[in-house]
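Participant: Below is the structure I would like to discuss, written out as structure tokens.
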Amino acid sequence: MSENNSFVRKEMISERIPPAADRGLVKWVRENLFSSAFNAIMTFISLWVIYSITVAVIPWFLNGVWDAKTVRECYDLLDGKSGACFAVLNERFPQLIYGFKYPSSEYWRPNLATVLLIVALAPILFRRLPRQLLIFSAVYPFLAFWLIWGGSILTSVSAFLGCAIAVICYRRFSSRSFALAVLISLIAANVWWIIGGYIVDLNASFLSLEVVASRDMGGFMLNLLLGTIAVCLSIPLGIALALGRQSGMPIIKWICVVFIEFIRGVPLITLLFVANVILAFFFPPDTSIDLILRVLIMMTFFNAAYIAEVVRGGLAALSKGQYEAADSIGLDYTQSMRFIILPQALKISIPGIVNVSVGMLKDTTLVSIISMFDLVGMIRGPILSSTDWNGVYWELFGAAAAIFFVVCFSVSKYSQWLERQLETDKR
Amino acid sequence: MAEKLKLEVSDEIAIKIQSMNKWFGSFHVLRDIDLTVNRGERIVVCGPSGSGKSTLIRCINALEEHQSGQIIVDGTELTSDIKNIDRIRSEVGMCFQHFNLFPHLSILENCTLAPIWVRKIPKKEAEETAMHFLEKVKIPEQADKYPGQLSGGQQQRVAIARSLCMRPRIMLFDEPTSALDPEMIKEVLDTMIELAEDGMTMICVTHEMGFARQVANRVIFMDDGQIVEQNEPEQFFNNPQSDRTKLFLSQILGH
Ligand SMILES: Nc1ncnc2c1ncn2[C@@H]1O[C@H](COP(=O)(O)OP(=O)(O)OP(=O)(O)O)[C@@H](O)[C@H]1O
Ligand SMILES: [Mg+2]
């Protein structure tokens, strides 16, 4: 090798910072905002749009009146300036949140139920928390029912015991035969509910809260109530439907397919009208099934049908090898679904499930069409049509949008976090 | 070439297949299969692609259903009775070409899941067994990792350990090395050789002829869904009888 080809470094080069134009903010601005003439023009147009919106909205916000009795008082206070009349939110706050019929002395009940809801959801949403908390999650639905609807606590206790009996019976007999276990637990629970019904009737005033009828529920509380229950019930139902659709048993498969396709083929609003008017005909005439319950059934079915399709996608994304490996180490159907297939399929389905469920949460506002007074129903009805607050659209609907945005955005952030948590199979 | 394993074969029957037939729709995949495997036998199955090798060994643990004939594994006949099938599957281990580990579970959980839930072994004991077998396949230090973090060869060894944790009496291998890079093939084959030395009954679909010579006590050649020839490895490789076998051997050993 010739001499000028060989080279030995005497001194190592120390690290230097890149030239100014390739550093920090300058680099970022150049690369992202002004990389070409077209981009530069777009940047200026966007900046101008953002600027004009801000200039228009900021004074409207800052001049906002928070303290007034009527919209006219607002205008008087504003004195010709442009400004929002947030006073309506202040004055009608209880109505926006609880509806206009929920007794104001009882507001603590839905408040407490909401706080407890967070406690009950925590162990389900965060797997790190101690598993014992799940016991509270199991009790919560019954507790919440008592808090929100009132009546004797015995009703809830009796319902809970019936479910507990059913679970115990199922556990006891499930090793013999699935169908037998389900049958026995259903019978046992119903027998208990009949007995429990008499006991409750005899002690109707035991630890009793003031009864609030379903038609008196309203405001955002109603949205939250419908949304939470419908989503919580529809996820297991959707999973069951998806598994049923894959089932080797033709009748089960057929029922699931027809159910899913039918529900998906009908607009939710139609189902709600059905719930409002027609569903009552299917129940025995003297049992007046609660309107909220009917709406809940429809929303649950609707959401479940969509979730079923999302989960089916997740199931289809798994390789056949996973099913075979689960079979080959001797897991039975339930075990292989529970430990192998569903954890993976559901993980894939999380974005879809959240997408559908956030949609459902927002679609609870559709009940305003069948004259239930949820948040939007309250705004469109009692508040906007009152002479006091005629015409304050922006403030009210803006507030409704903000409330829904906060809830839905948190749900979607949570789902992204969960996806990252479950990210174990990165290569 | 490594030395040939000399191992006892008992005359107790582990698997007995009698005039078994299988169709996929109207396609006759397996035709009149007769095969008896004694306990402790190491059988290598080879044959051209599509000849039904995988289907045959998948029938043995009922991953595929056969339509006529008999399969008796460990004294239990495979019928559509789900109880029999689950019992046989827990007695028969299987390793797949693509490993099929459970990506959402750690290596240790992969190995303990079935012992805990199928065999109802206490968790602690199952974990000890799992560590024992992970040591046997020489990767105890990976126990807390996830399958996605392991190399192909390591994954396949975990898959073997996962099967062994059920303490199976028979092991089936479906081309366990054909998805691996050459340098990883050896580590998997070594594990399988050790298993053979321990007296495991094995049926192995593979094209690793060195492995067949060293470990197998019988080589089965399949073509068109039939067993065309079976013989001891020496005889099979040096003195094949059927023309199809000769053609096949010349193709895979030829170059
Ligand atoms: N589920 C199935 N449905 C229909 N045909 C199938 C199915 N599985 C396999 N076959 C067909 O059965 C034949 C035998 O398949 P098999 O997988 O047993 O072959 P093989 O001998 O293992 O081949 P290879 O060496 O490529 O793995 C092939 O022709 C294949 O196309
Ligand atoms: Mg194959």
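Letters A, B, ... mark the chains of the structure tokens in the order given; residue numbers begin at 1 per chain; ligand numbers begin at 1, in order shown.
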Counting only C-alpha atoms, what is within 9 Å of segment 146-160 of chain B, bar same-chain residues fewer than 5 positions away, as a VMD selection string?

Facilitator: (chain A and resid 424 to 427) or (chain B and resid 93 to 108 110 to 111 133 to 134 137 to 139 165 176 to 177 179 to 181 183 to 188 191 to 192)

Participant: Write out as a PyMOL selection string the residues lying within 7 Å of Gln70 of chain B, counting only C-alpha atoms and excluding same-chain residues fewer than 3 positions away.

Facilitator: chain B and resi 17-20

Participant: Keeping C-alpha atoms, export the residues of the selection given above as a PDB file, in the first residue's frame.

Facilitator:
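And here's part.pdb as it stands now:
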```pdb
ATOM      1  CA  ILE B  17     -53.170 -45.351  12.643  1.00  0.00           C
ATOM      2  CA  GLN B  18     -55.279 -47.743  10.608  1.00  0.00           C
ATOM      3  CA  SER B  19     -56.478 -47.196   7.049  1.00  0.00           C
ATOM      4  CA  MET B  20     -57.028 -43.534   7.765  1.00  0.00           C
TER       5      MET B  20
END
```

Participant: From the options A:Asn32, A:Gln322, A:Ser349, A:Thr114, which residue's atoms come nearest to chain B, counting only C-alpha atoms?

Facilitator: A:Gln322

Participant: Find the distance between atom CA of Gly248 of chain A and atom CA of Glu64 of chain B and write it in Å to one decimal.

Facilitator: 14.7 Å

Participant: Neighbouring residues of Cys85 of chain A were defined as those with any atom within 7 Å, considering only C-alpha atoms; residues of the same chain fewer than 6 positions away were excluded. Please report them as a ChimeraX atom specification.

Facilitator: /A:64-66,74,395

Participant: Hey, can you spit out that residue selection with N, CA and C atoms as a CSV table (one decimal), in the first residue's frame?

Facilitator:
```csv
chain,number,residue,atom,x,y,z
A,64,GLY,N,-67.1,38.7,28.0
A,64,GLY,CA,-68.2,37.9,28.4
A,64,GLY,C,-68.8,38.3,29.7
A,65,VAL,N,-70.1,38.2,29.8
A,65,VAL,CA,-70.8,38.6,31.0
A,65,VAL,C,-71.2,37.3,31.8
A,66,TRP,N,-70.7,37.2,33.0
A,66,TRP,CA,-71.0,36.0,33.8
A,66,TRP,C,-72.1,36.2,34.8
A,74,CYS,N,-77.8,41.2,30.0
A,74,CYS,CA,-76.5,40.9,29.4
A,74,CYS,C,-76.2,42.1,28.4
A,395,GLU,N,-73.2,30.5,23.1
A,395,GLU,CA,-72.7,30.2,24.5
A,395,GLU,C,-73.1,28.8,24.9
```

Participant: Taking only C-alpha atoms and all ligand atoms and a cut-off of 9 Å, can you tell me which residues surround ligand 2, written as a VMD selection string?

Facilitator: chain B and resid 49 to 55 97 174 to 175 205

Participant: Taking the backbone alone, and naming residues the way the document does, which bits of segment 42-220 of chain B are strand (DSSP E or B) by DSSP, as a VMD selection string?

Facilitator: chain B and resid 42 to 46 68 to 73 76 to 77 92 to 95 170 to 174 201 to 205 218 to 220

Participant: What residues in chain A lie within 9 Å of chain B, counting only C-alpha atoms, written as a list in words?

Facilitator: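 Result: Ser319, Gly321, Gln322, Glu324, Ala325, Ala326, Asp327, Ser328, Ile329, Gly330, Leu331, Asp332, Gln335, Phe339, Ile340, Pro343, Gln344, Leu422, Glu423, Thr424, Asp425, Lys426 and Arg427 of chain A.
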